[in-house]
Structure formats: structure tokens, C-alpha cells
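Novice: Contents are TSV, N, CA and C atoms; file name protein-v7.tsv:
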```
chain	number	residue	atom	x	y	z
A	1	MET	N	-48.76	-31.30	-134.93
A	1	MET	CA	-48.41	-30.11	-134.16
A	1	MET	C	-47.00	-30.26	-133.62
A	2	LYS	N	-46.21	-29.24	-133.76
A	2	LYS	CA	-44.81	-29.26	-133.33
A	2	LYS	C	-44.73	-29.13	-131.81
A	3	LYS	N	-43.93	-29.99	-131.21
A	3	LYS	CA	-43.75	-29.96	-129.76
A	3	LYS	C	-42.85	-28.78	-129.38
A	4	ALA	N	-43.20	-28.13	-128.27
A	4	ALA	CA	-42.41	-26.99	-127.80
A	4	ALA	C	-41.00	-27.45	-127.44
A	5	ARG	N	-40.04	-26.63	-127.79
A	5	ARG	CA	-38.65	-26.97	-127.53
A	5	ARG	C	-38.32	-26.88	-126.04
A	6	TYR	N	-38.88	-25.89	-125.38
A	6	TYR	CA	-38.63	-25.69	-123.95
A	6	TYR	C	-39.94	-25.67	-123.19
A	7	ARG	N	-39.88	-26.06	-121.93
A	7	ARG	CA	-41.06	-26.08	-121.07
A	7	ARG	C	-41.15	-24.83	-120.22
A	8	TYR	N	-39.99	-24.24	-119.87
A	8	TYR	CA	-39.95	-23.06	-119.00
A	8	TYR	C	-39.02	-22.01	-119.60
A	9	TYR	N	-39.34	-20.75	-119.34
A	9	TYR	CA	-38.52	-19.63	-119.80
A	9	TYR	C	-38.24	-18.73	-118.60
A	10	VAL	N	-36.97	-18.38	-118.43
A	10	VAL	CA	-36.57	-17.45	-117.38
A	10	VAL	C	-36.27	-16.11	-118.05
A	11	ILE	N	-36.91	-15.06	-117.56
A	11	ILE	CA	-36.71	-13.72	-118.09
A	11	ILE	C	-35.93	-12.93	-117.04
A	12	ILE	N	-34.70	-12.59	-117.39
A	12	ILE	CA	-33.83	-11.85	-116.49
A	12	ILE	C	-33.99	-10.35	-116.73
A	13	GLN	N	-34.10	-9.95	-117.99
A	13	GLN	CA	-34.29	-8.55	-118.37
A	13	GLN	C	-35.46	-8.49	-119.35
A	14	GLY	N	-36.50	-7.77	-118.99
A	14	GLY	CA	-37.66	-7.62	-119.86
A	14	GLY	C	-38.67	-6.71	-119.20
A	15	PHE	N	-39.81	-6.54	-119.86
A	15	PHE	CA	-40.87	-5.72	-119.28
A	15	PHE	C	-41.38	-6.34	-117.98
A	16	LYS	N	-41.35	-7.67	-117.89
A	16	LYS	CA	-41.58	-8.42	-116.66
A	16	LYS	C	-40.43	-9.39	-116.52
A	17	LYS	N	-40.09	-9.73	-115.29
A	17	LYS	CA	-39.00	-10.65	-115.02
A	17	LYS	C	-39.56	-11.83	-114.25
A	18	GLY	N	-39.02	-13.02	-114.52
A	18	GLY	CA	-39.49	-14.18	-113.77
A	18	GLY	C	-39.45	-15.45	-114.58
A	19	ILE	N	-40.40	-16.37	-114.27
A	19	ILE	CA	-40.48	-17.67	-114.91
A	19	ILE	C	-41.86	-17.82	-115.53
A	20	THR	N	-41.88	-18.32	-116.76
A	20	THR	CA	-43.14	-18.63	-117.43
A	20	THR	C	-42.99	-19.94	-118.18
A	21	ASP	N	-44.12	-20.60	-118.42
A	21	ASP	CA	-44.08	-21.81	-119.24
A	21	ASP	C	-44.69	-21.55	-120.61
A	22	SER	N	-44.83	-20.27	-120.96
A	22	SER	CA	-45.43	-19.88	-122.23
A	22	SER	C	-44.44	-19.09	-123.08
A	23	TRP	N	-44.13	-19.62	-124.26
A	23	TRP	CA	-43.27	-18.90	-125.18
A	23	TRP	C	-43.93	-17.59	-125.61
A	24	THR	N	-45.24	-17.60	-125.76
A	24	THR	CA	-45.97	-16.39	-126.14
A	24	THR	C	-45.79	-15.29	-125.10
A	25	LEU	N	-45.92	-15.64	-123.82
A	25	LEU	CA	-45.71	-14.65	-122.75
A	25	LEU	C	-44.26	-14.19	-122.71
A	26	CYS	N	-43.33	-15.11	-122.86
A	26	CYS	CA	-41.92	-14.74	-122.86
A	26	CYS	C	-41.66	-13.71	-123.96
A	27	GLN	N	-42.14	-13.98	-125.15
A	27	GLN	CA	-41.95	-13.04	-126.26
A	27	GLN	C	-42.56	-11.68	-125.94
A	28	ARG	N	-43.75	-11.69	-125.35
A	28	ARG	CA	-44.43	-10.44	-125.01
A	28	ARG	C	-43.61	-9.62	-124.01
A	29	TYR	N	-42.97	-10.30	-123.06
A	29	TYR	CA	-42.22	-9.61	-122.01
A	29	TYR	C	-40.86	-9.11	-122.46
A	30	VAL	N	-40.31	-9.67	-123.54
A	30	VAL	CA	-38.97	-9.26	-123.97
A	30	VAL	C	-38.95	-8.53	-125.31
A	31	SER	N	-39.95	-8.72	-126.14
A	31	SER	CA	-39.96	-8.09	-127.45
A	31	SER	C	-40.01	-6.57	-127.35
A	32	GLY	N	-39.02	-5.93	-127.94
A	32	GLY	CA	-38.95	-4.47	-127.90
A	32	GLY	C	-38.28	-3.91	-126.67
A	33	TYR	N	-37.84	-4.77	-125.76
A	33	TYR	CA	-37.14	-4.32	-124.55
A	33	TYR	C	-35.65	-4.29	-124.85
A	34	SER	N	-35.07	-3.12	-124.77
A	34	SER	CA	-33.64	-2.97	-125.07
A	34	SER	C	-32.81	-3.71	-124.02
A	35	GLY	N	-31.96	-4.60	-124.48
A	35	GLY	CA	-31.12	-5.37	-123.57
A	35	GLY	C	-31.82	-6.55	-122.94
A	36	SER	N	-32.87	-7.05	-123.57
A	36	SER	CA	-33.61	-8.17	-123.00
A	36	SER	C	-32.70	-9.39	-122.83
A	37	CYS	N	-33.01	-10.17	-121.83
A	37	CYS	CA	-32.22	-11.37	-121.54
A	37	CYS	C	-33.18	-12.45	-121.04
A	38	TYR	N	-33.23	-13.56	-121.76
A	38	TYR	CA	-34.08	-14.68	-121.37
A	38	TYR	C	-33.46	-15.97	-121.86
A	39	LYS	N	-33.93	-17.09	-121.30
A	39	LYS	CA	-33.39	-18.38	-121.71
A	39	LYS	C	-34.44	-19.45	-121.44
A	40	GLY	N	-34.50	-20.44	-122.33
A	40	GLY	CA	-35.45	-21.53	-122.19
A	40	GLY	C	-34.82	-22.76	-121.57
A	41	PHE	N	-35.65	-23.54	-120.87
A	41	PHE	CA	-35.20	-24.74	-120.19
A	41	PHE	C	-36.25	-25.84	-120.31
A	42	LYS	N	-35.79	-27.06	-120.30
A	42	LYS	CA	-36.70	-28.20	-120.37
A	42	LYS	C	-37.27	-28.57	-119.01
A	43	ARG	N	-36.53	-28.27	-117.95
A	43	ARG	CA	-36.97	-28.63	-116.60
A	43	ARG	C	-36.98	-27.42	-115.69
A	44	LEU	N	-37.91	-27.41	-114.75
A	44	LEU	CA	-38.01	-26.31	-113.79
A	44	LEU	C	-36.75	-26.21	-112.95
A	45	GLU	N	-36.13	-27.34	-112.61
A	45	GLU	CA	-34.90	-27.31	-111.82
A	45	GLU	C	-33.82	-26.48	-112.50
A	46	GLU	N	-33.68	-26.67	-113.80
A	46	GLU	CA	-32.67	-25.93	-114.57
A	46	GLU	C	-33.00	-24.44	-114.59
A	47	ALA	N	-34.28	-24.13	-114.75
A	47	ALA	CA	-34.71	-22.73	-114.79
A	47	ALA	C	-34.43	-22.03	-113.46
A	48	VAL	N	-34.73	-22.71	-112.36
A	48	VAL	CA	-34.51	-22.10	-111.03
A	48	VAL	C	-33.02	-21.90	-110.77
A	49	GLU	N	-32.21	-22.87	-111.14
A	49	GLU	CA	-30.76	-22.73	-110.94
A	49	GLU	C	-30.20	-21.56	-111.75
A	50	TYR	N	-30.65	-21.43	-112.99
A	50	TYR	CA	-30.21	-20.30	-113.83
A	50	TYR	C	-30.64	-18.98	-113.21
A	51	MET	N	-31.86	-18.95	-112.72
A	51	MET	CA	-32.37	-17.72	-112.11
A	51	MET	C	-31.56	-17.36	-110.87
A	52	LYS	N	-31.21	-18.35	-110.06
A	52	LYS	CA	-30.40	-18.10	-108.86
A	52	LYS	C	-29.09	-17.42	-109.21
A	53	ARG	N	-28.48	-17.86	-110.30
A	53	ARG	CA	-27.17	-17.34	-110.69
A	53	ARG	C	-27.24	-15.98	-111.38
A	54	ASN	N	-28.38	-15.62	-111.95
A	54	ASN	CA	-28.43	-14.45	-112.82
A	54	ASN	C	-29.43	-13.36	-112.44
A	55	LEU	N	-30.37	-13.65	-111.59
A	55	LEU	CA	-31.41	-12.66	-111.29
A	55	LEU	C	-30.88	-11.57	-110.36
A	56	LEU	N	-31.11	-10.34	-110.74
A	56	LEU	CA	-30.74	-9.19	-109.92
A	56	LEU	C	-32.00	-8.60	-109.29
A	57	GLU	N	-31.84	-7.90	-108.21
A	57	GLU	CA	-32.97	-7.25	-107.56
A	57	GLU	C	-33.29	-5.93	-108.26
A	58	TYR	N	-34.55	-5.74	-108.57
A	58	TYR	CA	-35.05	-4.50	-109.19
A	58	TYR	C	-36.25	-4.01	-108.39
A	59	ASP	N	-36.72	-2.84	-108.76
A	59	ASP	CA	-37.92	-2.31	-108.12
A	59	ASP	C	-39.19	-2.83	-108.80
A	60	ASP	N	-39.02	-3.50	-109.92
A	60	ASP	CA	-40.17	-4.00	-110.67
A	60	ASP	C	-40.66	-5.31	-110.05
A	61	PRO	N	-41.92	-5.64	-110.29
A	61	PRO	CA	-42.40	-6.94	-109.81
A	61	PRO	C	-41.82	-8.10	-110.61
A	62	TYR	N	-41.81	-9.26	-109.99
A	62	TYR	CA	-41.37	-10.50	-110.60
A	62	TYR	C	-42.60	-11.40	-110.71
A	63	VAL	N	-42.64	-12.26	-111.72
A	63	VAL	CA	-43.79	-13.12	-111.90
A	63	VAL	C	-43.40	-14.59	-112.02
A	64	TYR	N	-44.31	-15.43	-111.57
A	64	TYR	CA	-44.23	-16.87	-111.82
A	64	TYR	C	-45.54	-17.20	-112.52
A	65	GLU	N	-45.45	-17.53	-113.79
A	65	GLU	CA	-46.63	-17.86	-114.59
A	65	GLU	C	-46.36	-19.20	-115.25
A	66	ALA	N	-46.57	-20.26	-114.48
A	66	ALA	CA	-46.28	-21.61	-114.98
A	66	ALA	C	-47.13	-22.63	-114.24
A	67	ASP	N	-47.32	-23.75	-114.89
A	67	ASP	CA	-48.04	-24.88	-114.28
A	67	ASP	C	-49.42	-24.48	-113.77
A	68	GLY	N	-50.07	-23.58	-114.49
A	68	GLY	CA	-51.43	-23.17	-114.12
A	68	GLY	C	-51.50	-22.19	-112.97
A	69	GLU	N	-50.38	-21.66	-112.55
A	69	GLU	CA	-50.36	-20.70	-111.44
A	69	GLU	C	-49.83	-19.36	-111.90
A	70	TRP	N	-50.32	-18.32	-111.25
A	70	TRP	CA	-49.82	-16.97	-111.49
A	70	TRP	C	-49.59	-16.32	-110.14
A	71	GLN	N	-48.36	-15.89	-109.92
A	71	GLN	CA	-48.00	-15.21	-108.68
A	71	GLN	C	-47.12	-14.01	-109.03
A	72	GLU	N	-47.29	-12.94	-108.28
A	72	GLU	CA	-46.44	-11.77	-108.48
A	72	GLU	C	-45.72	-11.48	-107.17
A	73	PHE	N	-44.45	-11.10	-107.28
A	73	PHE	CA	-43.61	-10.84	-106.11
A	73	PHE	C	-42.90	-9.51	-106.29
A	74	TRP	N	-42.62	-8.84	-105.19
A	74	TRP	CA	-41.90	-7.56	-105.26
A	74	TRP	C	-40.39	-7.74	-105.16
A	75	TYR	N	-39.96	-8.91	-104.72
A	75	TYR	CA	-38.52	-9.16	-104.59
A	75	TYR	C	-38.15	-10.47	-105.28
A	76	GLY	N	-37.00	-10.48	-105.92
A	76	GLY	CA	-36.52	-11.67	-106.60
A	76	GLY	C	-36.37	-12.85	-105.65
A	77	LYS	N	-35.94	-12.58	-104.43
A	77	LYS	CA	-35.77	-13.64	-103.43
A	77	LYS	C	-37.10	-14.34	-103.16
A	78	GLU	N	-38.18	-13.58	-103.13
A	78	GLU	CA	-39.51	-14.19	-102.91
A	78	GLU	C	-39.85	-15.14	-104.06
A	79	LEU	N	-39.56	-14.71	-105.27
A	79	LEU	CA	-39.82	-15.55	-106.44
A	79	LEU	C	-38.99	-16.83	-106.36
A	80	LEU	N	-37.72	-16.71	-106.04
A	80	LEU	CA	-36.86	-17.89	-105.92
A	80	LEU	C	-37.35	-18.84	-104.83
A	81	ASP	N	-37.76	-18.30	-103.70
A	81	ASP	CA	-38.30	-19.15	-102.62
A	81	ASP	C	-39.55	-19.88	-103.09
A	82	PHE	N	-40.43	-19.18	-103.78
A	82	PHE	CA	-41.65	-19.79	-104.30
A	82	PHE	C	-41.33	-20.89	-105.31
A	83	ALA	N	-40.41	-20.61	-106.23
A	83	ALA	CA	-40.04	-21.59	-107.25
A	83	ALA	C	-39.40	-22.82	-106.61
A	84	GLU	N	-38.60	-22.62	-105.59
A	84	GLU	CA	-38.00	-23.77	-104.89
A	84	GLU	C	-39.06	-24.59	-104.17
A	85	ASP	N	-40.08	-23.93	-103.63
A	85	ASP	CA	-41.20	-24.66	-103.03
A	85	ASP	C	-41.91	-25.50	-104.08
A	86	LYS	N	-42.07	-24.95	-105.28
A	86	LYS	CA	-42.69	-25.70	-106.38
A	86	LYS	C	-41.86	-26.93	-106.74
A	87	LEU	N	-40.55	-26.76	-106.73
A	87	LEU	CA	-39.66	-27.89	-107.01
A	87	LEU	C	-39.85	-29.00	-105.97
A	88	ARG	N	-39.91	-28.61	-104.70
A	88	ARG	CA	-40.11	-29.60	-103.63
A	88	ARG	C	-41.44	-30.33	-103.81
A	89	GLU	N	-42.49	-29.57	-104.16
A	89	GLU	CA	-43.80	-30.19	-104.39
A	89	GLU	C	-43.73	-31.20	-105.54
A	90	LYS	N	-43.07	-30.83	-106.64
A	90	LYS	CA	-42.95	-31.73	-107.78
A	90	LYS	C	-42.17	-33.00	-107.41
A	91	ARG	N	-41.11	-32.83	-106.64
A	91	ARG	CA	-40.32	-34.00	-106.22
A	91	ARG	C	-41.16	-34.94	-105.35
A	92	GLN	N	-41.95	-34.36	-104.43
A	92	GLN	CA	-42.80	-35.18	-103.57
A	92	GLN	C	-43.85	-35.92	-104.40
A	93	GLU	N	-44.44	-35.24	-105.38
A	93	GLU	CA	-45.42	-35.88	-106.25
A	93	GLU	C	-44.79	-37.03	-107.02
A	94	ASN	N	-43.58	-36.82	-107.54
A	94	ASN	CA	-42.90	-37.87	-108.28
A	94	ASN	C	-42.55	-39.06	-107.39
A	95	GLN	N	-42.17	-38.79	-106.15
A	95	GLN	CA	-41.86	-39.88	-105.22
A	95	GLN	C	-43.11	-40.70	-104.91
A	96	LYS	N	-44.26	-40.03	-104.75
A	96	LYS	CA	-45.51	-40.74	-104.49
A	96	LYS	C	-45.90	-41.60	-105.68
A	97	LYS	N	-45.70	-41.07	-106.90
A	97	LYS	CA	-46.04	-41.82	-108.11
A	97	LYS	C	-45.16	-43.04	-108.28
A	98	SER	N	-43.90	-42.94	-107.85
A	98	SER	CA	-42.96	-44.06	-108.05
A	98	SER	C	-43.15	-45.16	-107.00
A	99	LYS	N	-43.93	-44.91	-105.97
A	99	LYS	CA	-44.15	-45.95	-104.93
A	99	LYS	C	-45.24	-46.89	-105.33
```
Would you write the structure of this file as C-alpha cells?
Specialist:
Amino acid sequence: MKKARYRYYVIIQGFKKGITDSWTLCQRYVSGYSGSCYKGFKRLEEAVEYMKRNLLEYDDPYVYEADGEWQEFWYGKELLDFAEDKLREKRQENQKKSK
């Protein structure tokens, strides 16, 4: 079985906007959307940084569908805050494992 090239996908322009860890969902959210914009990343840190630089506020909901969680937000800032909280949690878990 071929290993996935990317672990996370950031969707800036699509039927849904946000972060997912599923290529299938990413394709579903951007396929057929005129002007779609998305990018894959190996690490959540990279995905969040890209999103900070590129995400615009829209009236549409934003989603976080990764690491077994699904959350929907009405504002991009809420999504970014949530994703940064996830990053902090992952860092704390890694620090505990390394001790």
C-alpha cells in the first residue's frame, strides 16, 4: 500500500474551508469549485502556519477534520485558535513521551 504523501490538507478556497487529514475529503471540498485553493503538508505546524498567512474571513463555516476530530467554526480565527490548541496538545504529548 502506498504511503500518503501528505498528512494534512489546508483548504483556502473550496466548498468547505479548513484543515483535514483526508485526501478524499480535500478532493470532495475542492473538486468542481471554481478557483479552488488547497495545499498539502506533512506536519500540522506547517498547515497552521500556511493557514495563518492565507485564510480569509468568509460567511461560510470552517472545518477541522483531522486526528479523529470534527469541529465546525463560523469564523476563521476560531479555527486557527482551535488548531493552535491542537498543536500545543501535541507538543505536550511529545514532551511527556520523551521523558
Novice: Please measure the separation of atom N of Ser22 in chain A and atom N of Glu46 in chain A, giving the value in Å to one decimal.
Specialist: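 Here the two named atoms are 14.7 Å from each other.
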Novice: Rounded to one decimal in Å, what is the spacing between atom N of Gly18 in chain A and atom C of Met51 in chain A?
Specialist: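 Between atom N of Gly18 in chain A and atom C of Met51 in chain A the gap is 9.4 Å.
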Novice: Pick out the residues sitting within 8 Å of range 77-83 of chain A, and hand them over as a list in words; count all atoms listed in the file, and ignore anything fewer than 5 positions along from it in its own chain.
Specialist: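 Result of the neighbour search: Gly18, Ile19, Leu44, Val48, Met51, Lys52, Leu55, Leu56, Glu57, Tyr62, Val63, Tyr64, Gln71, Glu72, Arg88 and Glu89 of chain A.
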Novice: Just to confirm, what's the straight-line distance from atom N of Asp85 in chain A to atom C of Gln27 in chain A in Å (one decimal)?
Specialist: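 About the pair atom N of Asp85 in chain A and atom C of Gln27 in chain A: they are 25.6 Å apart.
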Novice: Of the candidates A:Asn54, A:Ser34, A:Tyr29, A:Lys90, which one gets nearest to Lys17 in chain A if we count all atoms listed in the file?
Specialist: A:Tyr29
Novice: Of the residues A:Arg43, A:Asp21, A:Glu84, A:Tyr9, which is the one nearest to Gly68 in chain A, using all atoms listed in the file?
Specialist: A:Asp21
Novice: What lies within 6.5 Å of Lys42 in chain A using all atoms listed in the file, ignoring chain neighbours under 2 positions off, as a ChimeraX atom specification?
Specialist: /A:5-8,40,44,47
Novice: Hey, what does DSSP flag as strand (DSSP E or B) within chain A? Can you give it to me as a PDB file with N, CA and C atoms, in the coordinates of the input?
Specialist:
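Once written, selection_18.pdb looks like this:
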```pdb
ATOM      1  N   TYR A   8     -39.990 -24.240-119.870  1.00  0.00           N
ATOM      2  CA  TYR A   8     -39.950 -23.060-119.000  1.00  0.00           C
ATOM      3  C   TYR A   8     -39.020 -22.010-119.600  1.00  0.00           C
ATOM      4  N   TYR A   9     -39.340 -20.750-119.340  1.00  0.00           N
ATOM      5  CA  TYR A   9     -38.520 -19.630-119.800  1.00  0.00           C
ATOM      6  C   TYR A   9     -38.240 -18.730-118.600  1.00  0.00           C
ATOM      7  N   VAL A  10     -36.970 -18.380-118.430  1.00  0.00           N
ATOM      8  CA  VAL A  10     -36.570 -17.450-117.380  1.00  0.00           C
ATOM      9  C   VAL A  10     -36.270 -16.110-118.050  1.00  0.00           C
ATOM     10  N   ILE A  11     -36.910 -15.060-117.560  1.00  0.00           N
ATOM     11  CA  ILE A  11     -36.710 -13.720-118.090  1.00  0.00           C
ATOM     12  C   ILE A  11     -35.930 -12.930-117.040  1.00  0.00           C
ATOM     13  N   ILE A  12     -34.700 -12.590-117.390  1.00  0.00           N
ATOM     14  CA  ILE A  12     -33.830 -11.850-116.490  1.00  0.00           C
ATOM     15  C   ILE A  12     -33.990 -10.350-116.730  1.00  0.00           C
ATOM     16  N   GLN A  13     -34.100  -9.950-117.990  1.00  0.00           N
ATOM     17  CA  GLN A  13     -34.290  -8.550-118.370  1.00  0.00           C
ATOM     18  C   GLN A  13     -35.460  -8.490-119.350  1.00  0.00           C
ATOM     19  N   LYS A  17     -40.090  -9.730-115.290  1.00  0.00           N
ATOM     20  CA  LYS A  17     -39.000 -10.650-115.020  1.00  0.00           C
ATOM     21  C   LYS A  17     -39.560 -11.830-114.250  1.00  0.00           C
ATOM     22  N   GLY A  18     -39.020 -13.020-114.520  1.00  0.00           N
ATOM     23  CA  GLY A  18     -39.490 -14.180-113.770  1.00  0.00           C
ATOM     24  C   GLY A  18     -39.450 -15.450-114.580  1.00  0.00           C
ATOM     25  N   ILE A  19     -40.400 -16.370-114.270  1.00  0.00           N
ATOM     26  CA  ILE A  19     -40.480 -17.670-114.910  1.00  0.00           C
ATOM     27  C   ILE A  19     -41.860 -17.820-115.530  1.00  0.00           C
ATOM     28  N   THR A  20     -41.880 -18.320-116.760  1.00  0.00           N
ATOM     29  CA  THR A  20     -43.140 -18.630-117.430  1.00  0.00           C
ATOM     30  C   THR A  20     -42.990 -19.940-118.180  1.00  0.00           C
ATOM     31  N   CYS A  37     -33.010 -10.170-121.830  1.00  0.00           N
ATOM     32  CA  CYS A  37     -32.220 -11.370-121.540  1.00  0.00           C
ATOM     33  C   CYS A  37     -33.180 -12.450-121.040  1.00  0.00           C
ATOM     34  N   TYR A  38     -33.230 -13.560-121.760  1.00  0.00           N
ATOM     35  CA  TYR A  38     -34.080 -14.680-121.370  1.00  0.00           C
ATOM     36  C   TYR A  38     -33.460 -15.970-121.860  1.00  0.00           C
ATOM     37  N   LYS A  39     -33.930 -17.090-121.300  1.00  0.00           N
ATOM     38  CA  LYS A  39     -33.390 -18.380-121.710  1.00  0.00           C
ATOM     39  C   LYS A  39     -34.440 -19.450-121.440  1.00  0.00           C
ATOM     40  N   GLY A  40     -34.500 -20.440-122.330  1.00  0.00           N
ATOM     41  CA  GLY A  40     -35.450 -21.530-122.190  1.00  0.00           C
ATOM     42  C   GLY A  40     -34.820 -22.760-121.570  1.00  0.00           C
ATOM     43  N   PHE A  41     -35.650 -23.540-120.870  1.00  0.00           N
ATOM     44  CA  PHE A  41     -35.200 -24.740-120.190  1.00  0.00           C
ATOM     45  C   PHE A  41     -36.250 -25.840-120.310  1.00  0.00           C
ATOM     46  N   TYR A  62     -41.810  -9.260-109.990  1.00  0.00           N
ATOM     47  CA  TYR A  62     -41.370 -10.500-110.600  1.00  0.00           C
ATOM     48  C   TYR A  62     -42.600 -11.400-110.710  1.00  0.00           C
ATOM     49  N   VAL A  63     -42.640 -12.260-111.720  1.00  0.00           N
ATOM     50  CA  VAL A  63     -43.790 -13.120-111.900  1.00  0.00           C
ATOM     51  C   VAL A  63     -43.400 -14.590-112.020  1.00  0.00           C
ATOM     52  N   TYR A  64     -44.310 -15.430-111.570  1.00  0.00           N
ATOM     53  CA  TYR A  64     -44.230 -16.870-111.820  1.00  0.00           C
ATOM     54  C   TYR A  64     -45.540 -17.200-112.520  1.00  0.00           C
ATOM     55  N   GLU A  65     -45.450 -17.530-113.790  1.00  0.00           N
ATOM     56  CA  GLU A  65     -46.630 -17.860-114.590  1.00  0.00           C
ATOM     57  C   GLU A  65     -46.360 -19.200-115.250  1.00  0.00           C
ATOM     58  N   ALA A  66     -46.570 -20.260-114.480  1.00  0.00           N
ATOM     59  CA  ALA A  66     -46.280 -21.610-114.980  1.00  0.00           C
ATOM     60  C   ALA A  66     -47.130 -22.630-114.240  1.00  0.00           C
ATOM     61  N   GLU A  69     -50.380 -21.660-112.550  1.00  0.00           N
ATOM     62  CA  GLU A  69     -50.360 -20.700-111.440  1.00  0.00           C
ATOM     63  C   GLU A  69     -49.830 -19.360-111.900  1.00  0.00           C
ATOM     64  N   TRP A  70     -50.320 -18.320-111.250  1.00  0.00           N
ATOM     65  CA  TRP A  70     -49.820 -16.970-111.490  1.00  0.00           C
ATOM     66  C   TRP A  70     -49.590 -16.320-110.140  1.00  0.00           C
ATOM     67  N   GLN A  71     -48.360 -15.890-109.920  1.00  0.00           N
ATOM     68  CA  GLN A  71     -48.000 -15.210-108.680  1.00  0.00           C
ATOM     69  C   GLN A  71     -47.120 -14.010-109.030  1.00  0.00           C
ATOM     70  N   GLU A  72     -47.290 -12.940-108.280  1.00  0.00           N
ATOM     71  CA  GLU A  72     -46.440 -11.770-108.480  1.00  0.00           C
ATOM     72  C   GLU A  72     -45.720 -11.480-107.170  1.00  0.00           C
ATOM     73  N   PHE A  73     -44.450 -11.100-107.280  1.00  0.00           N
ATOM     74  CA  PHE A  73     -43.610 -10.840-106.110  1.00  0.00           C
ATOM     75  C   PHE A  73     -42.900  -9.510-106.290  1.00  0.00           C
TER      76      PHE A  73
END
```
Novice: Using 5 Å as the limit and counting all atoms listed in the file, can you tabulate each residue of range 30-90 of chain A that touches range 10-14 of chain A, with its shortest atom-to-atom distance in Å and the two atoms involved, as JSON lines?
Specialist:
```
{"residue": "A:Val30", "atom": "CA", "partner": "A:Gly14", "partner_atom": "CA", "distance": 4.6}
{"residue": "A:Ser36", "atom": "CA", "partner": "A:Gln13", "partner_atom": "C", "distance": 4.1}
{"residue": "A:Cys37", "atom": "N", "partner": "A:Gln13", "partner_atom": "C", "distance": 3.9}
{"residue": "A:Tyr38", "atom": "CA", "partner": "A:Val10", "partner_atom": "C", "distance": 4.2}
{"residue": "A:Lys39", "atom": "C", "partner": "A:Val10", "partner_atom": "N", "distance": 4.1}
```
Novice: Which is closest to Glu69 in chain A among A:Lys86, A:Arg28, A:Glu45, A:Lys96, if we use only C-alpha atoms?
Specialist: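 Going through A:Lys86, A:Arg28, A:Glu45, A:Lys96 one by one, the smallest distance to Glu69 in chain A is for A:Lys86.
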Novice: Among the residues of chain A, find those DSSP assigns to helix (DSSP H, G or I) from the backbone and print them as a PyMOL selection string.
Specialist: chain A and resi 23-30+44-54+76-98
